[in-house]
file coords-v5.cif (mmCIF, C-alpha atoms and all ligand atoms)
data_target
loop_
_atom_site.label_atom_id
_atom_site.label_comp_id
_atom_site.auth_asym_id
_atom_site.auth_seq_id
_atom_site.Cartn_x
_atom_site.Cartn_y
_atom_site.Cartn_z
CA MET A 1307 47.80 99.96 72.73
CA SER A 1308 44.95 100.76 70.34
CA GLU A 1309 45.74 103.04 67.41
CA THR A 1310 44.07 106.51 67.55
CA LEU A 1311 41.81 107.10 64.55
CA VAL A 1312 42.06 110.42 62.75
CA ASN A 1313 38.84 112.24 61.92
CA ARG A 1314 38.83 114.56 58.89
CA GLN A 1315 36.29 117.35 59.30
CA TRP A 1316 34.99 120.27 57.26
CA PHE A 1317 34.00 123.11 59.60
CA TYR A 1318 32.44 126.56 59.30
CA ALA A 1319 35.61 128.69 59.33
CA LYS A 1320 34.84 132.11 57.84
CA PRO A 1321 31.66 134.15 58.38
CA ILE A 1322 29.32 134.42 55.41
CA THR A 1323 29.27 137.99 54.22
CA ASP A 1324 27.15 137.81 51.07
CA HIS A 1325 26.52 134.31 49.68
CA LEU A 1326 27.75 131.00 50.99
CA THR A 1327 30.91 129.94 49.12
CA ALA A 1328 33.36 127.06 49.44
CA ASP A 1329 35.77 129.52 51.14
CA ASN A 1330 33.51 129.64 54.20
CA PHE A 1331 34.68 126.11 55.05
CA ALA A 1332 38.06 124.80 56.13
CA ARG A 1333 39.48 121.34 56.84
CA ARG A 1334 41.02 119.99 60.01
CA GLU A 1335 42.05 116.62 61.38
CA VAL A 1336 41.25 115.69 64.98
CA PRO A 1337 41.62 112.44 66.94
CA VAL A 1338 38.48 110.34 67.32
CA PRO A 1339 37.48 110.55 71.00
CA GLU A 1340 37.22 107.52 73.30
CA LEU A 1341 33.59 106.46 73.77
CA ARG A 1342 31.82 107.00 77.04
CA GLN A 1343 29.01 104.77 78.26
CA GLY A 1344 25.90 104.80 76.03
CA GLN A 1345 27.62 105.91 72.85
CA ALA A 1346 28.54 104.59 69.42
CA LEU A 1347 31.19 105.54 66.91
CA ILE A 1348 29.77 105.91 63.41
CA ARG A 1349 31.89 105.74 60.29
CA ASN A 1350 30.23 107.98 57.72
CA ARG A 1351 29.59 106.32 54.36
CA LEU A 1352 27.26 108.57 52.40
CA ILE A 1353 26.57 112.24 53.11
CA SER A 1354 23.41 113.98 51.98
CA ILE A 1355 23.68 117.38 50.30
CA ASP A 1356 20.42 119.26 50.87
CA PRO A 1357 19.34 122.79 49.99
CA ALA A 1358 18.29 123.23 53.64
CA ASN A 1359 21.97 122.85 54.66
CA ARG A 1360 22.40 126.39 53.37
CA LEU A 1361 19.93 127.67 55.92
CA TYR A 1362 21.73 126.15 58.91
CA PHE A 1363 23.98 129.23 59.15
CA ALA A 1364 21.17 131.77 58.99
CA ILE A 1365 18.36 130.32 61.10
CA GLN A 1366 17.58 127.67 63.66
CA ASN A 1367 15.13 125.31 61.97
CA TYR A 1368 14.85 121.64 62.94
CA ARG A 1369 18.41 121.74 64.27
CA ARG A 1370 20.64 124.16 66.14
CA GLN A 1371 22.05 127.02 64.07
CA ILE A 1372 25.66 126.44 62.98
CA GLU A 1373 28.27 128.67 64.57
CA LEU A 1374 31.85 129.42 63.61
CA GLY A 1375 34.06 126.43 64.40
CA ASP A 1376 31.23 123.88 64.21
CA VAL A 1377 31.56 120.83 61.99
CA MET A 1378 29.27 121.37 59.00
CA ALA A 1379 26.03 119.55 59.72
CA ALA A 1380 24.44 117.13 57.28
CA PHE A 1381 22.37 113.99 57.27
CA ALA A 1382 24.25 110.84 56.45
CA ILE A 1383 24.27 107.07 56.47
CA GLY A 1384 27.03 105.56 58.59
CA GLU A 1385 28.08 102.26 60.07
CA VAL A 1386 28.51 101.53 63.77
CA VAL A 1387 32.18 100.60 64.16
CA LYS A 1388 32.39 100.74 67.99
CA SER A 1389 29.73 100.76 70.67
CA THR A 1390 29.25 100.97 74.42
CA ASP A 1391 25.48 100.54 74.25
CA PRO A 1392 23.59 97.39 73.23
CA ARG A 1393 21.16 99.48 71.15
CA PHE A 1394 24.00 100.28 68.76
CA ARG A 1395 25.22 97.03 67.24
CA VAL A 1396 28.56 97.02 65.45
CA GLY A 1397 27.92 96.62 61.71
CA ASP A 1398 24.44 98.20 61.75
CA LEU A 1399 23.76 101.19 59.51
CA TRP A 1400 22.31 104.35 61.06
CA HIS A 1401 20.80 107.51 59.65
CA GLY A 1402 21.54 110.72 61.50
CA ASP A 1403 22.91 114.24 61.53
CA PHE A 1404 26.51 112.98 61.37
CA GLY A 1405 28.04 115.99 59.62
CA TRP A 1406 30.88 116.50 57.18
CA GLN A 1407 33.41 114.22 58.84
CA ASP A 1408 34.67 110.65 58.69
CA TYR A 1409 33.47 109.70 62.17
CA ALA A 1410 30.63 110.87 64.41
CA VAL A 1411 29.84 109.93 68.01
CA ILE A 1412 26.16 109.37 68.75
CA ASN A 1413 24.46 108.97 72.10
CA SER A 1414 21.70 106.71 73.27
CA TYR A 1415 19.82 109.85 74.36
CA ASP A 1416 19.84 111.33 70.82
CA ARG A 1417 16.11 111.18 70.39
CA ALA A 1418 15.61 113.32 67.31
CA GLU A 1419 13.39 111.61 64.77
CA TYR A 1420 16.16 111.48 62.22
CA TYR A 1421 18.46 109.24 64.29
CA HIS A 1422 17.34 105.76 63.39
CA ARG A 1423 18.69 102.33 62.55
CA CYS A 1424 18.31 101.65 58.84
CA THR A 1425 16.41 98.72 57.41
CA PRO A 1426 18.99 96.15 56.23
CA GLY A 1427 19.30 95.18 52.56
CA MET A 1428 18.80 98.62 51.01
CA SER A 1429 21.39 100.73 49.20
CA ASP A 1430 22.88 103.71 51.04
CA GLU A 1431 21.58 105.94 48.24
CA ASP A 1432 17.99 104.72 48.67
CA LEU A 1433 18.21 104.97 52.47
CA LEU A 1434 19.25 108.60 52.19
CA GLY A 1435 16.93 109.42 49.29
CA VAL A 1436 13.67 107.71 48.50
CA TYR A 1437 13.44 106.08 51.97
CA GLY A 1438 15.01 109.09 53.66
CA ILE A 1439 13.99 112.65 54.32
CA THR A 1440 13.32 113.64 50.70
CA GLY A 1441 11.31 110.53 49.84
CA MET A 1442 9.23 110.97 52.99
CA THR A 1443 8.69 114.65 52.17
CA ALA A 1444 7.32 113.58 48.81
CA TYR A 1445 5.22 110.72 50.15
CA PHE A 1446 3.51 112.58 53.00
CA GLY A 1447 3.02 115.73 50.93
CA VAL A 1448 1.23 113.82 48.20
CA GLU A 1449 -0.83 111.91 50.75
CA LYS A 1450 -1.72 114.76 53.12
CA VAL A 1451 -1.90 117.77 50.80
CA GLY A 1452 -2.20 116.27 47.31
CA ARG A 1453 -5.04 113.85 48.08
CA LEU A 1454 -4.99 112.99 44.38
CA THR A 1455 -8.02 111.40 42.84
CA GLY A 1456 -6.60 110.70 39.37
CA ARG A 1457 -7.17 112.54 36.08
CA GLU A 1458 -6.13 115.75 37.78
CA THR A 1459 -3.40 118.14 36.62
CA VAL A 1460 -0.36 118.36 38.87
CA VAL A 1461 2.46 120.90 38.57
CA VAL A 1462 5.75 120.08 40.28
CA GLY A 1463 8.36 122.76 41.03
CA GLY A 1464 11.93 121.51 41.44
CA ALA A 1465 10.89 118.38 39.58
CA THR A 1466 14.43 117.24 38.78
CA GLY A 1467 15.34 117.33 42.47
CA ALA A 1468 15.23 114.73 45.22
CA CYS A 1469 11.69 115.55 46.41
CA GLY A 1470 10.20 116.70 43.12
CA ALA A 1471 11.18 113.65 41.06
CA ILE A 1472 9.41 111.39 43.58
CA ILE A 1473 6.37 113.67 43.90
CA GLY A 1474 5.87 113.72 40.12
CA GLN A 1475 6.13 109.94 39.85
CA LEU A 1476 3.70 109.43 42.76
CA ALA A 1477 1.26 111.72 40.96
CA LYS A 1478 1.67 109.61 37.81
CA ILE A 1479 0.99 106.46 39.85
CA ALA A 1480 -2.19 108.17 41.08
CA GLY A 1481 -3.25 108.61 37.43
CA CYS A 1482 -2.69 112.35 37.04
CA ARG A 1483 -1.33 114.51 34.23
CA VAL A 1484 2.03 115.72 35.56
CA VAL A 1485 3.95 118.78 34.43
CA GLY A 1486 7.36 119.49 35.97
CA PHE A 1487 9.68 122.48 36.05
CA ALA A 1488 13.33 121.86 35.17
CA GLY A 1489 16.43 123.93 34.50
CA GLY A 1490 17.24 123.57 30.79
CA PRO A 1491 16.15 121.45 27.82
CA GLU A 1492 18.23 118.39 28.81
CA LYS A 1493 16.67 118.18 32.22
CA CYS A 1494 13.23 118.69 30.65
CA ALA A 1495 13.91 115.74 28.34
CA TRP A 1496 14.98 113.64 31.34
CA LEU A 1497 11.69 114.40 33.13
CA THR A 1498 9.51 113.31 30.22
CA GLY A 1499 11.82 110.45 29.19
CA GLU A 1500 13.26 108.84 32.33
CA MET A 1501 10.75 110.00 34.93
CA GLY A 1502 7.61 109.58 32.81
CA PHE A 1503 6.22 113.11 33.29
CA ASP A 1504 3.67 114.20 30.69
CA ALA A 1505 5.39 117.52 30.07
CA ALA A 1506 8.25 119.65 31.33
CA VAL A 1507 8.78 123.40 31.33
CA ASP A 1508 12.21 125.05 31.39
CA TYR A 1509 11.96 127.58 34.22
CA ARG A 1510 14.79 129.58 32.67
CA ALA A 1511 12.89 130.19 29.41
CA PRO A 1512 11.63 133.80 29.14
CA ASP A 1513 8.16 132.56 28.11
CA MET A 1514 7.93 129.86 30.77
CA ALA A 1515 4.57 131.11 32.10
CA GLN A 1516 3.00 130.78 28.62
CA ARG A 1517 4.61 127.35 28.16
CA LEU A 1518 3.18 126.20 31.47
CA ALA A 1519 -0.28 127.52 30.59
CA ALA A 1520 -0.15 125.60 27.28
CA GLU A 1521 0.62 122.38 29.17
CA CYS A 1522 -2.22 122.88 31.66
CA PRO A 1523 -5.26 123.68 29.45
CA ASP A 1524 -7.74 122.51 32.12
CA GLY A 1525 -6.08 124.36 35.00
CA VAL A 1526 -4.06 123.01 37.93
CA ASP A 1527 -5.50 120.86 40.73
CA PHE A 1528 -2.34 120.34 42.79
CA PHE A 1529 0.81 122.45 42.92
CA SER A 1530 3.87 120.99 44.63
CA ASP A 1531 6.20 123.89 45.30
CA ALA A 1532 9.40 124.00 47.30
CA ILE A 1533 10.97 126.75 45.26
CA GLY A 1534 8.76 129.86 45.44
CA GLY A 1535 9.61 132.86 43.27
CA ALA A 1536 8.91 132.92 39.54
CA ILE A 1537 7.60 129.37 39.22
CA SER A 1538 4.97 130.02 41.88
CA GLN A 1539 4.05 133.28 40.17
CA ALA A 1540 3.54 131.37 36.90
CA THR A 1541 1.50 128.54 38.44
CA ILE A 1542 -0.88 130.30 40.82
CA PRO A 1543 -2.95 132.01 38.05
CA LEU A 1544 -3.60 128.55 36.57
CA MET A 1545 -4.80 126.97 39.80
CA LYS A 1546 -8.46 126.07 40.06
CA LYS A 1547 -10.73 127.09 42.92
CA ASP A 1548 -9.84 125.06 46.05
CA ALA A 1549 -6.76 123.57 44.34
CA ARG A 1550 -4.23 122.05 46.76
CA TRP A 1551 -0.86 123.74 47.24
CA TYR A 1552 2.02 121.98 48.99
CA HIS A 1553 4.55 124.74 49.73
CA PHE A 1554 7.27 122.95 51.66
CA GLY A 1555 10.29 125.16 51.02
CA ASN A 1556 11.44 128.37 49.42
CA MET A 1557 14.61 127.37 47.69
CA SER A 1558 14.81 130.35 45.35
CA GLU A 1559 15.37 132.51 48.47
CA TYR A 1560 17.92 130.33 50.31
CA ASP A 1561 20.91 132.15 48.86
CA ASN A 1562 19.52 135.45 50.12
CA MET A 1563 19.50 134.35 53.74
CA VAL A 1564 22.56 135.63 55.55
CA PRO A 1565 23.38 135.16 59.28
CA GLY A 1566 22.20 138.12 61.34
CA GLU A 1567 19.79 139.45 58.72
CA THR A 1568 16.03 139.05 58.73
CA ALA A 1569 14.94 136.18 56.49
CA PRO A 1570 12.69 137.10 53.55
CA ARG A 1571 9.02 136.21 54.07
CA HIS A 1572 8.13 132.75 52.79
CA ASP A 1573 5.43 134.30 50.58
CA ALA A 1574 7.42 137.29 49.32
CA PHE A 1575 6.66 136.22 45.73
CA LEU A 1576 2.92 136.94 46.20
CA THR A 1577 2.13 140.17 44.36
CA PRO A 1578 -1.15 141.99 45.19
CA GLU A 1579 -2.68 140.43 42.02
CA LEU A 1580 -1.66 136.92 43.09
CA LYS A 1581 -2.96 137.54 46.61
CA ALA A 1582 -6.30 138.51 45.09
CA ILE A 1583 -6.38 135.29 43.04
CA CYS A 1584 -5.55 133.25 46.16
CA LYS A 1585 -8.36 134.93 48.09
CA GLU A 1586 -10.93 134.53 45.34
CA ARG A 1587 -10.07 130.87 44.67
CA ASN A 1588 -9.37 129.83 48.25
CA LEU A 1589 -5.75 128.91 47.56
CA ARG A 1590 -3.65 128.38 50.67
CA PRO A 1591 -0.10 127.10 50.89
CA ILE A 1592 0.12 124.11 53.21
CA PHE A 1593 3.52 123.59 54.82
CA LEU A 1594 4.54 120.22 56.27
CA LEU A 1595 7.74 119.45 58.14
CA VAL A 1596 8.68 115.91 57.24
CA PHE A 1597 9.85 115.05 60.76
CA ASP A 1598 6.30 115.51 62.05
CA PHE A 1599 5.41 112.37 60.08
CA TYR A 1600 8.39 110.24 61.00
CA CYS A 1601 6.33 108.01 63.26
CA ARG A 1602 4.94 106.60 59.97
CA ARG A 1603 8.29 106.32 58.21
CA LEU A 1604 8.36 102.53 57.93
CA GLU A 1605 4.84 102.39 56.53
CA ALA A 1606 5.81 104.93 53.82
CA GLN A 1607 9.03 103.05 53.15
CA GLU A 1608 7.07 99.84 52.58
CA THR A 1609 4.74 101.48 50.06
CA LEU A 1610 7.58 103.23 48.21
CA ALA A 1611 9.58 99.96 48.12
CA SER A 1612 6.59 98.17 46.58
CA TYR A 1613 6.40 100.81 43.80
CA ILE A 1614 10.12 100.43 43.15
CA ALA A 1615 9.82 96.63 43.11
CA ASP A 1616 7.01 96.68 40.54
CA GLY A 1617 8.87 99.21 38.37
CA ARG A 1618 6.49 102.15 38.82
CA LEU A 1619 8.92 104.32 40.77
CA LYS A 1620 12.56 105.23 40.14
CA ALA A 1621 14.85 106.70 42.76
CA PRO A 1622 17.37 108.80 40.83
CA ASN A 1623 20.50 110.03 42.54
CA THR A 1624 23.77 111.77 41.71
CA THR A 1625 26.59 110.61 43.94
CA LEU A 1626 30.00 112.27 43.97
CA SER A 1627 32.94 110.55 45.52
CA GLY A 1628 35.47 111.94 48.00
CA PHE A 1629 35.67 114.01 51.17
CA GLU A 1630 37.23 116.95 49.28
CA LYS A 1631 34.08 117.30 47.12
CA LEU A 1632 31.78 118.30 50.01
CA PRO A 1633 31.89 122.15 49.93
CA ALA A 1634 31.69 122.35 46.13
CA ALA A 1635 28.81 119.86 46.09
CA LEU A 1636 26.78 122.09 48.39
CA ILE A 1637 27.56 125.25 46.42
CA ASP A 1638 27.16 123.78 42.91
CA GLY A 1639 24.42 121.30 43.80
CA SER A 1640 22.06 123.94 45.05
CA LEU A 1641 22.76 126.13 42.06
CA GLY A 1642 21.60 123.40 39.73
CA SER A 1643 24.56 121.92 37.84
CA ASN A 1644 24.32 118.51 36.19
CA LYS A 1645 22.76 116.71 39.07
CA LEU A 1646 19.53 114.76 38.82
CA GLY A 1647 17.55 113.46 41.75
CA LYS A 1648 19.14 113.15 45.18
CA LEU A 1649 22.64 114.59 45.61
CA ASN A 1650 25.13 112.77 47.86
CA VAL A 1651 28.84 112.57 48.53
CA ARG A 1652 30.34 109.16 49.27
CA LEU A 1653 33.14 108.92 51.81
CA ALA A 1654 33.42 105.18 52.32
CA GLY A 1655 31.98 101.96 50.87
N1 LIG A 1701 9.39 120.78 54.56
C1 LIG A 1701 10.21 119.75 54.63
O1 LIG A 1701 10.12 118.93 55.53
C2 LIG A 1701 11.27 119.57 53.58
C3 LIG A 1701 12.00 118.39 53.52
C4 LIG A 1701 12.94 118.23 52.49
C5 LIG A 1701 13.15 119.26 51.56
N2 LIG A 1701 12.44 120.41 51.68
C6 LIG A 1701 12.63 121.51 50.73
O2 LIG A 1701 12.37 121.03 49.42
C7 LIG A 1701 13.10 121.78 48.48
C8 LIG A 1701 13.76 120.86 47.48
O3 LIG A 1701 14.62 119.97 48.15
P1 LIG A 1701 15.35 118.82 47.32
O4 LIG A 1701 16.10 118.00 48.30
O5 LIG A 1701 14.40 118.18 46.39
O6 LIG A 1701 16.39 119.72 46.48
P2 LIG A 1701 17.27 119.34 45.24
O7 LIG A 1701 17.40 117.87 45.06
O8 LIG A 1701 18.53 120.15 45.35
O9 LIG A 1701 16.44 119.90 43.99
C9 LIG A 1701 16.22 121.26 43.84
C10 LIG A 1701 15.32 121.49 42.65
O10 LIG A 1701 14.98 122.86 42.61
C11 LIG A 1701 15.23 123.39 41.32
N3 LIG A 1701 15.64 124.78 41.48
C12 LIG A 1701 16.73 125.25 42.15
N4 LIG A 1701 16.74 126.60 42.13
C13 LIG A 1701 15.66 126.99 41.42
C14 LIG A 1701 15.12 128.25 41.02
N5 LIG A 1701 15.71 129.40 41.38
N6 LIG A 1701 13.97 128.27 40.31
C15 LIG A 1701 13.35 127.12 39.94
N7 LIG A 1701 13.80 125.88 40.29
C16 LIG A 1701 14.94 125.83 41.01
C17 LIG A 1701 16.29 122.50 40.72
O11 LIG A 1701 16.11 122.54 39.31
P3 LIG A 1701 17.24 122.19 38.24
O12 LIG A 1701 18.30 121.35 38.93
O13 LIG A 1701 16.50 121.42 37.19
O14 LIG A 1701 17.79 123.49 37.76
C18 LIG A 1701 15.92 121.14 41.31
O15 LIG A 1701 14.93 120.53 40.55
C19 LIG A 1701 14.04 122.68 49.28
O16 LIG A 1701 13.43 123.95 49.36
C20 LIG A 1701 14.06 122.02 50.63
O17 LIG A 1701 14.36 122.90 51.67
C21 LIG A 1701 11.50 120.58 52.66
#

call {"tool": "encode", "arguments": {"input": "coords-v5.cif", "output": "structure tokens"}}
result
Amino acid sequence: MSETLVNRQWFYAKPITDHLTADNFARREVPVPELRQGQALIRNRLISIDPANRLYFAIQNYRRQIELGDVMAAFAIGEVVKSTDPRFRVGDLWHGDFGWQDYAVINSYDRAEYYHRCTPGMSDEDLLGVYGITGMTAYFGVEKVGRLTGRETVVVGGATGACGAIIGQLAKIAGCRVVGFAGGPEKCAWLTGEMGFDAAVDYRAPDMAQRLAAECPDGVDFFSDAIGGAISQATIPLMKKDARWYHFGNMSEYDNMVPGETAPRHDAFLTPELKAICKERNLRPIFLLVFDFYCRRLEAQETLASYIADGRLKAPNTTLSGFEKLPAALIDGSLGSNKLGKLNVRLAG
């Protein structure tokens, strides 16, 4: 008789009343189900902690909204440990929405772009980061919206994060002057030291708008912004006419989005003065959803891998270890603790 595997899960247990906290989650242990035809059992190895996870409770975006009792959703890298479908080979690594649990069952009909077999020979951290959703968000944003021609000035919001750190380095590779926003002097030093940015501005400093202006004496040609709020308000007045603006998220608002309440507008930070500047200079935020570009994922992966191989690109990550760390990682990670680059939690080796 085969032994029944136990699946540890974190699930959404208590409704969010104000902000998401670790107390909204609870643990349970359930048996791993027997596979039906056309399925695979995935053992989760590395779980991605993303700011967008916080939105899953409040809105339906690229996945179904999370309801009470659901396993917390998250992208992850996992290994096929059992299969009833030849497309899923035991031992292969897969990327998918496997959730906060040890084991996930996937189906051969799961056709979402983000279920894919991973290229062998790459680290789990790189598969989830620079070759995963955040790396692709950076790559396609720089290509489609940035269209950098070199010697331009680029401002990167959220520059110490998974997307921003890659965007800034891609802009450096393109020959631009790159200024990044970071939370605190240590993170600023990391951007200019480790990541090779030309300058960094502490977004918590009271005079951050003046500091940014001093670092961008010729104006801004490309603004990469997934944060919104004060950093957008500081950057827009510096943008040149027809400057490009990649606005692919609104992280400064994510904590204000509560289930059942109307989400704040994505451009709520635009004062009448800023709207006038945008109109006069033809500044328009361009939003891309990374999954719309997933048909070109392998091509992007190849280019990013070549930059890493020749030493021009680094793929920083902060990886915590242990199933019990998941809720705190989501709460602390999004609030900007010590993490640099892509944030993950490792469950298994
Ligand atoms: N459109 C798409 O397809 C797509 C895909 C992926 C991600 N995104 C969006 O991209 C954004 C960043 O994702 P990520 O994975 O790079 O996140 P991440 O790794 O958690 O990094 C977040 C960054 O934002 C900064 N930050 C956090 N709160 C801030 C605030 N109130 N003001 C200024 N900066 C703040 C952090 O700075 P410090 O840590 O230095 O304090 C950090 O650099 C999110 O909005 C996400 O939803 C969009």

call {"tool": "residues_near_ligand", "arguments": {"input": "coords-v5.cif", "ligand": "ligand LIG 1701 (chain A)", "cutoff": "6 Å", "atoms": "all atoms listed in the file", "output": "MDAnalysis selection string"}}
result
chainID A and resid 1356:1358 1439:1440 1443 1464:1470 1488:1489 1493 1509 1532:1533 1554:1558 1594:1596 1640 1642 1647:1648

call {"tool": "residues_near_point", "arguments": {"input": "coords-v5.cif", "point": "(13.8, 111.7, 34.5)", "cutoff": "9 Å", "atoms": "all atoms listed in the file", "output": "count of residues only"}}
result
18

call {"tool": "residues_around", "arguments": {"input": "coords-v5.cif", "residues": "Arg1587 (chain A)", "least_positions_apart": "3", "cutoff": "9 Å", "atoms": "all atoms listed in the file", "output": "number ranges by chain"}}
result
A: 1545-1549, 1582-1584

call {"tool": "atom_distance", "arguments": {"input": "coords-v5.cif", "atom1": "CA of Glu1521 (chain A)", "atom2": "CA of Leu1589 (chain A)"}}
result
20.5 Å

call {"tool": "closest_residue", "arguments": {"input": "coords-v5.cif", "among": "A:Pro1392, A:Gly1655, A:Gly1384, A:Gly1628", "to": "His1422 (chain A)", "atoms": "all atoms listed in the file"}}
result
A:Gly1384

call {"tool": "residues_around", "arguments": {"input": "coords-v5.cif", "residues": "Cys1424 (chain A)", "least_positions_apart": "4", "cutoff": "9 Å", "atoms": "all atoms listed in the file", "output": "short mmCIF file (atom, residue, chain, number, x, y, z; two decimals) with C-alpha atoms, keeping the file's coordinate frame"}}
result
data_model
loop_
_atom_site.label_atom_id
_atom_site.label_comp_id
_atom_site.auth_asym_id
_atom_site.auth_seq_id
_atom_site.Cartn_x
_atom_site.Cartn_y
_atom_site.Cartn_z
CA ILE A 1383 24.27 107.07 56.47
CA ASP A 1398 24.44 98.20 61.75
CA LEU A 1399 23.76 101.19 59.51
CA TRP A 1400 22.31 104.35 61.06
CA HIS A 1401 20.80 107.51 59.65
CA MET A 1428 18.80 98.62 51.01
CA LEU A 1433 18.21 104.97 52.47
#

call {"tool": "atom_distance", "arguments": {"input": "coords-v5.cif", "atom1": "CA of Cys1482 (chain A)", "atom2": "CA of Arg1457 (chain A)"}}
result
4.6 Å

call {"tool": "residues_around", "arguments": {"input": "coords-v5.cif", "residues": "Phe1394 (chain A)", "least_positions_apart": "4", "cutoff": "8 Å", "atoms": "only C-alpha atoms", "output": "ChimeraX atom specification"}}
result
/A:1345-1346,1386,1389-1390,1398

call {"tool": "residues_around", "arguments": {"input": "coords-v5.cif", "residues": "Gly1402 (chain A)", "least_positions_apart": "2", "cutoff": "9 Å", "atoms": "only C-alpha atoms", "output": "list of chain:residue names"}}
result
A:Ala1380, A:Phe1381, A:Ala1382, A:Ile1383, A:Gly1384, A:Trp1400, A:Phe1404, A:Gly1405, A:Ile1412, A:Ala1418, A:Glu1419, A:Tyr1420, A:Tyr1421, A:His1422, A:Arg1423

call {"tool": "residues_near_point", "arguments": {"input": "coords-v5.cif", "point": "(1.7, 127.2, 27.1)", "cutoff": "12 Å", "atoms": "only C-alpha atoms", "output": "PyMOL selection string"}}
result
chain A and resi 1485+1505-1508+1511+1513-1525+1540-1541+1544

call {"tool": "residues_around", "arguments": {"input": "coords-v5.cif", "residues": "region 1446-1456 of chain A", "least_positions_apart": "3", "cutoff": "10 Å", "atoms": "only C-alpha atoms", "output": "NGL selection string"}}
result
:A and (1441-1443 or 1459-1460 or 1469 or 1472-1474 or 1476-1483 or 1527-1530 or 1549-1554 or 1591-1596 or 1598-1600 or 1602-1603 or 1606)

call {"tool": "build_atoms", "arguments": {"input": "coords-v5.cif", "residues": "region 1476-1491 of chain A", "atoms": "N, CA and C atoms", "output": "PDB file, in the frame of the given file"}}
result
ATOM      1  N   LEU A1476       4.852 109.864  41.935  1.00  0.00           N
ATOM      2  CA  LEU A1476       3.700 109.430  42.760  1.00  0.00           C
ATOM      3  C   LEU A1476       2.398 109.951  42.153  1.00  0.00           C
ATOM      4  N   ALA A1477       2.462 111.165  41.593  1.00  0.00           N
ATOM      5  CA  ALA A1477       1.260 111.720  40.960  1.00  0.00           C
ATOM      6  C   ALA A1477       0.908 110.932  39.698  1.00  0.00           C
ATOM      7  N   LYS A1478       1.936 110.466  38.987  1.00  0.00           N
ATOM      8  CA  LYS A1478       1.670 109.610  37.810  1.00  0.00           C
ATOM      9  C   LYS A1478       1.035 108.289  38.269  1.00  0.00           C
ATOM     10  N   ILE A1479       1.551 107.728  39.329  1.00  0.00           N
ATOM     11  CA  ILE A1479       0.990 106.460  39.850  1.00  0.00           C
ATOM     12  C   ILE A1479      -0.480 106.673  40.217  1.00  0.00           C
ATOM     13  N   ALA A1480      -0.796 107.871  40.708  1.00  0.00           N
ATOM     14  CA  ALA A1480      -2.190 108.170  41.080  1.00  0.00           C
ATOM     15  C   ALA A1480      -3.059 108.448  39.857  1.00  0.00           C
ATOM     16  N   GLY A1481      -2.457 108.461  38.662  1.00  0.00           N
ATOM     17  CA  GLY A1481      -3.250 108.610  37.430  1.00  0.00           C
ATOM     18  C   GLY A1481      -3.405 110.037  36.938  1.00  0.00           C
ATOM     19  N   CYS A1482      -2.535 110.931  37.403  1.00  0.00           N
ATOM     20  CA  CYS A1482      -2.690 112.350  37.040  1.00  0.00           C
ATOM     21  C   CYS A1482      -1.860 112.717  35.813  1.00  0.00           C
ATOM     22  N   ARG A1483      -2.185 113.882  35.249  1.00  0.00           N
ATOM     23  CA  ARG A1483      -1.330 114.510  34.230  1.00  0.00           C
ATOM     24  C   ARG A1483      -0.301 115.335  35.014  1.00  0.00           C
ATOM     25  N   VAL A1484       0.993 115.096  34.737  1.00  0.00           N
ATOM     26  CA  VAL A1484       2.030 115.720  35.560  1.00  0.00           C
ATOM     27  C   VAL A1484       2.956 116.571  34.704  1.00  0.00           C
ATOM     28  N   VAL A1485       3.084 117.834  35.115  1.00  0.00           N
ATOM     29  CA  VAL A1485       3.950 118.780  34.430  1.00  0.00           C
ATOM     30  C   VAL A1485       5.017 119.229  35.434  1.00  0.00           C
ATOM     31  N   GLY A1486       6.284 119.135  35.036  1.00  0.00           N
ATOM     32  CA  GLY A1486       7.360 119.490  35.970  1.00  0.00           C
ATOM     33  C   GLY A1486       8.200 120.642  35.458  1.00  0.00           C
ATOM     34  N   PHE A1487       8.728 121.422  36.396  1.00  0.00           N
ATOM     35  CA  PHE A1487       9.680 122.480  36.050  1.00  0.00           C
ATOM     36  C   PHE A1487      11.102 121.923  36.139  1.00  0.00           C
ATOM     37  N   ALA A1488      11.941 122.294  35.157  1.00  0.00           N
ATOM     38  CA  ALA A1488      13.330 121.860  35.170  1.00  0.00           C
ATOM     39  C   ALA A1488      14.209 122.968  34.616  1.00  0.00           C
ATOM     40  N   GLY A1489      15.491 122.917  34.970  1.00  0.00           N
ATOM     41  CA  GLY A1489      16.430 123.930  34.500  1.00  0.00           C
ATOM     42  C   GLY A1489      17.138 123.508  33.226  1.00  0.00           C
ATOM     43  N   GLY A1490      16.583 123.852  32.077  1.00  0.00           N
ATOM     44  CA  GLY A1490      17.240 123.570  30.790  1.00  0.00           C
ATOM     45  C   GLY A1490      16.588 122.436  30.023  1.00  0.00           C
ATOM     46  N   PRO A1491      16.794 122.450  28.688  1.00  0.00           N
ATOM     47  CA  PRO A1491      16.150 121.450  27.820  1.00  0.00           C
ATOM     48  C   PRO A1491      16.548 120.008  28.135  1.00  0.00           C
TER      49      PRO A1491
END
